[in-house]
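Worksheet: one structure, shown below.
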Number of protein chains: 2
Amino acid sequence: MIIVFTGNGKGKTTAALGQAMRALGQAKRVMMIQFIKGPWICGEDKFLKKFQIPPSQFQIFKMGKGFVKILGDSLPLSIHQKAAQKGLRLAEEAIKNQKYDLIILDEINVAVKLGLIKAGQVLKILKINPPEKDIILTGREAPKSFIRKADLVTEMKEIKHPFQKGKPAVLAREF
Amino acid sequence: MIIVFTGNGKGKTTAALGQAMRALGQAKRVMMIQFIKGPWICGEDKFLKKFQIPPSQFQIFKMGKGFVKILGDSLPLSIHQKAAQKGLRLAEEAIKNQKYDLIILDEINVAVKLGLIKAGQVLKILKINPPEKDIILTGREAPKSFIRKADLVTEMKEIKHPFQKGKPAVLAREF
């Protein structure tokens, strides 16, 4: 099953991690490839270490070079592109050898948006995924072709964010 | 921080579980109270057992009596109400004794919607939560008073669901 978590709100990568937790509980093997995040250590990395989850069951690959074109990034785009292409090859290999039951392509939607990889390249590797295996694609502004290809799509929509707290426009918004 | 995950799409409880994974990685203690789910065993329960996560670090309390008024539920509403009220008292105690850093009140929005507990009762216990501790409230159709009270709100919006696949109306929807 192909799943897309997109939208501008918090919860996309987090939901993918929750799915990973459930999959681990069901003795499934999980791989996460992070396309944007650099080598910094997050809660999920500490979690793997703390509870000694074996890499054969859950492994996180940090293929990103950090934020692209924002927050002081001064790397040439080609460096980011090479890193993302490497992540994509890793994903392709993993899908082909079927070692994992759930593959999370974290922030891959953003990698496409930023021109690091092409949507067509991603669709090509999604095509070879057997239906009994799950792939989750996360990141805001998912390409429409991913939405079309996916079986399940949720838009995580920001209704209120800590930085906005107190702004009446946000409080007045209803859904 | 008070966080609300609402909306009709998949990913609300899952995102709460992902947040739990990250919190566990940061040596935080997590409690989840499930207000609707009955005693059946889910991936998250199997996960706790499989990786021998100590209850002092992550504990799940199943306080629900299963689905309410749907899928063959024949229990009187008062039974569901008592169970939910018990869950609420458990939450209140946990917030007061500060044994946990993250408390997930799973499907509590739905428990309010179904009339099992009152929004005012929930707001009362949210008020006593210290700002450095996190509470996540999940479930579709969150009361507006929860949105107002929360620091962070994401609406998980269903864009595409496996049961709908192939329906052109869904494919044509854009965001």
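In the structure tokens, the first chain shown is A, the next is B, and so on; residue numbers restart at 1 for each chain, and ligands run from 1 in the order shown.
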Excluding stretch 33-43 of chain A and any residue of its chain fewer than 3 positions from it, enumerate the residues within 8 Å of it, using only C-alpha atoms, and give them as an MDAnalysis selection string. (chainID A and resid 46:47 60:68 83:84 87 91 103:108 110:111) or (chainID B and resid 21:26)
What are the closest atom pairs, with distances in Å to one decimal, for each residue of chain A lying within 6 Å of chain B, using only C-alpha atoms, rows by chain and rising residue number, as a tab-separated table?
```
residue	atom	partner	partner_atom	distance
A:Gly9	CA	B:Thr154	CA	5.6
A:Gly11	CA	B:Ala15	CA	5.5
A:Thr14	CA	B:Gly18	CA	4.6
A:Ala15	CA	B:Ala15	CA	3.6
A:Leu17	CA	B:Gly18	CA	4.5
A:Gly18	CA	B:Gly18	CA	3.7
A:Gln19	CA	B:Thr14	CA	6.0
A:Arg22	CA	B:Gly43	CA	4.1
A:Gly25	CA	B:Phe47	CA	3.5
A:Gln26	CA	B:Gly43	CA	5.8
A:Gly43	CA	B:Arg22	CA	4.1
A:Glu44	CA	B:Arg22	CA	5.0
A:Lys46	CA	B:Gly25	CA	4.5
A:Phe47	CA	B:Gly25	CA	3.5
A:Asp151	CA	B:Pro162	CA	5.1
A:Leu152	CA	B:His161	CA	4.6
A:Val153	CA	B:Lys160	CA	4.7
A:Thr154	CA	B:Glu158	CA	4.9
A:Glu155	CA	B:Lys157	CA	5.0
A:Met156	CA	B:Met156	CA	4.6
A:Lys157	CA	B:Glu155	CA	5.0
A:Glu158	CA	B:Thr154	CA	4.9
A:Ile159	CA	B:Val153	CA	5.3
A:Lys160	CA	B:Val153	CA	4.7
A:His161	CA	B:Leu152	CA	4.6
A:Pro162	CA	B:Asp151	CA	5.2
```
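The space between atom CA of A:Ala119 and atom CA of A:Gln81 spans 13.4 Å.
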Got a sec: who's within 7 Å of stretch 127-133 of chain B, counting only C-alpha atoms, leaving out chain neighbours fewer than 4 positions off, as a PyMOL selection string? chain B and resi 1+95+101-102+123
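Counting only C-alpha atoms and comparing A:Lys28, A:Arg89, A:Lys82, A:Arg140, the residue that lies closest to A:Leu116 is A:Lys82.
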